[in-house]
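> So that we are looking at the same thing, I have put the structure below in structure tokens.
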Amino acid sequence: MARKSKRKNIAKGIAHIHSTHNNTIITFTDEKGDVIAWSSAGAIGYKGSKKSTPYAASLAAGAASDAAKDHGIKEVSVQIKGTGPGRDSARKQIEVSGIKVSFVKDVTAIPYNGTRPPKKILLWKKAKEKSRR
């Protein structure tokens, strides 16, 4: 049996949109980072490749924003992470739901050096292999 959480009365918060190629997760937190409400395309009921659609992301954002409004959220700053197809539709759905968006920030991680390249093949070994054939 799930317990009912009480209303928190938080006016300002942060909306985190994590958009991957397989799913989109929307989390509303207060300014300290404590979670108020969340939803995802998988939690809505979509499975497989339908989770990665912008429509599923907008439904998840709508469900999360409705749950956040029940706790008193009126204004959020949006932080978007990832390169999935549901980025923009989730942000637009939060704006349409009646929550004021103060600013939007992209926090996608960008590698500076990247991964280590594969080791180089020595030319004399390559020539030796060709002569054996």
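The chains in the structure tokens are called A, B, ... from first to last as shown; in each chain the residues are counted from 1, and the ligands are counted from 1 in the order shown.
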Neighbours of range 57-69 of chain A within 8 Å (only C-alpha atoms; same-chain residues fewer than 2 positions away dropped), as a PyMOL selection string?

chain A and resi 23-28+36-41+43-44+51-55+71-74+86-87+89-94+97+99

> From a DSSP pass on the backbone, collect the residues of range 5-116 of chain A flagged as helix (DSSP H, G or I) and hand them back as a PyMOL selection string.

chain A and resi 41-44+48-52+54-70+87-96

> Got time to write the residues from that selection, N, CA and C atoms, as a compact mmCIF listing (two decimals), in the first residue's frame?


```
# COMPACT_ATOMS: atom_id res chain seq x y z
N ALA A 41 9.02 8.65 -19.51
CA ALA A 41 8.22 8.08 -20.58
C ALA A 41 7.89 6.63 -20.28
N GLY A 42 8.78 5.93 -19.59
CA GLY A 42 8.51 4.55 -19.20
C GLY A 42 7.46 4.46 -18.10
N ALA A 43 7.45 5.43 -17.17
CA ALA A 43 6.48 5.43 -16.09
C ALA A 43 5.07 5.75 -16.60
N ILE A 44 4.97 6.45 -17.72
CA ILE A 44 3.68 6.76 -18.32
C ILE A 44 3.03 5.48 -18.86
N GLY A 48 9.70 0.09 -25.02
CA GLY A 48 10.50 -0.05 -26.24
C GLY A 48 10.82 1.27 -26.90
N SER A 49 10.74 1.28 -28.22
CA SER A 49 11.16 2.45 -28.97
C SER A 49 10.18 3.61 -28.86
N LYS A 50 8.97 3.39 -28.36
CA LYS A 50 8.00 4.48 -28.21
C LYS A 50 8.38 5.41 -27.06
N LYS A 51 9.21 4.92 -26.11
CA LYS A 51 9.67 5.78 -25.01
C LYS A 51 10.54 6.92 -25.51
N SER A 52 11.20 6.73 -26.64
CA SER A 52 12.15 7.74 -27.11
C SER A 52 11.50 8.82 -27.97
N PRO A 54 9.25 12.23 -28.94
CA PRO A 54 8.96 13.52 -28.30
C PRO A 54 7.57 13.56 -27.66
N TYR A 55 6.61 12.82 -28.24
CA TYR A 55 5.26 12.80 -27.68
C TYR A 55 5.26 12.16 -26.29
N ALA A 56 5.98 11.07 -26.13
CA ALA A 56 6.08 10.42 -24.82
C ALA A 56 6.76 11.33 -23.81
N ALA A 57 7.75 12.09 -24.26
CA ALA A 57 8.44 13.03 -23.37
C ALA A 57 7.50 14.15 -22.92
N SER A 58 6.64 14.62 -23.82
CA SER A 58 5.71 15.68 -23.44
C SER A 58 4.66 15.16 -22.46
N LEU A 59 4.21 13.91 -22.63
CA LEU A 59 3.27 13.33 -21.67
C LEU A 59 3.92 13.17 -20.29
N ALA A 60 5.18 12.75 -20.27
CA ALA A 60 5.89 12.60 -19.00
C ALA A 60 6.09 13.96 -18.33
N ALA A 61 6.42 14.97 -19.11
CA ALA A 61 6.60 16.31 -18.55
C ALA A 61 5.28 16.86 -18.02
N GLY A 62 4.20 16.57 -18.71
CA GLY A 62 2.88 17.00 -18.23
C GLY A 62 2.51 16.34 -16.92
N ALA A 63 2.78 15.04 -16.80
CA ALA A 63 2.46 14.33 -15.57
C ALA A 63 3.32 14.82 -14.41
N ALA A 64 4.61 15.06 -14.68
CA ALA A 64 5.50 15.53 -13.62
C ALA A 64 5.14 16.96 -13.19
N SER A 65 4.78 17.82 -14.14
CA SER A 65 4.45 19.20 -13.79
C SER A 65 3.12 19.27 -13.03
N ASP A 66 2.16 18.37 -13.36
CA ASP A 66 0.92 18.34 -12.59
C ASP A 66 1.18 17.92 -11.14
N ALA A 67 2.05 16.92 -10.97
CA ALA A 67 2.39 16.48 -9.62
C ALA A 67 3.15 17.57 -8.87
N ALA A 68 3.99 18.33 -9.57
CA ALA A 68 4.74 19.41 -8.92
C ALA A 68 3.81 20.57 -8.55
N LYS A 69 2.82 20.84 -9.39
CA LYS A 69 1.87 21.91 -9.08
C LYS A 69 1.04 21.57 -7.85
N ASP A 70 0.80 20.27 -7.62
CA ASP A 70 0.08 19.86 -6.41
C ASP A 70 0.87 20.20 -5.15
N ARG A 87 13.96 16.43 -25.68
CA ARG A 87 14.43 17.62 -24.96
C ARG A 87 13.46 18.79 -25.05
N ASP A 88 13.20 19.22 -26.28
CA ASP A 88 12.44 20.45 -26.48
C ASP A 88 10.95 20.27 -26.18
N SER A 89 10.40 19.11 -26.51
CA SER A 89 8.98 18.91 -26.27
C SER A 89 8.69 18.86 -24.77
N ALA A 90 9.60 18.34 -23.98
CA ALA A 90 9.41 18.33 -22.52
C ALA A 90 9.47 19.74 -21.96
N ARG A 91 10.41 20.53 -22.44
CA ARG A 91 10.51 21.93 -21.98
C ARG A 91 9.26 22.72 -22.35
N LYS A 92 8.77 22.54 -23.58
CA LYS A 92 7.57 23.26 -24.01
C LYS A 92 6.36 22.84 -23.19
N GLN A 93 6.25 21.57 -22.85
CA GLN A 93 5.12 21.09 -22.07
C GLN A 93 5.12 21.68 -20.67
N ILE A 94 6.30 21.88 -20.09
CA ILE A 94 6.37 22.51 -18.77
C ILE A 94 5.88 23.95 -18.84
N GLU A 95 6.25 24.67 -19.92
CA GLU A 95 5.80 26.05 -20.08
C GLU A 95 4.29 26.11 -20.28
N VAL A 96 3.74 25.17 -21.06
CA VAL A 96 2.31 25.17 -21.36
C VAL A 96 1.48 24.80 -20.13
```

> Determine which residues of range 40-93 of chain A DSSP labels as strand (DSSP E or B) from the backbone of this structure, then write them out as number ranges by chain.

A: 40, 75-81
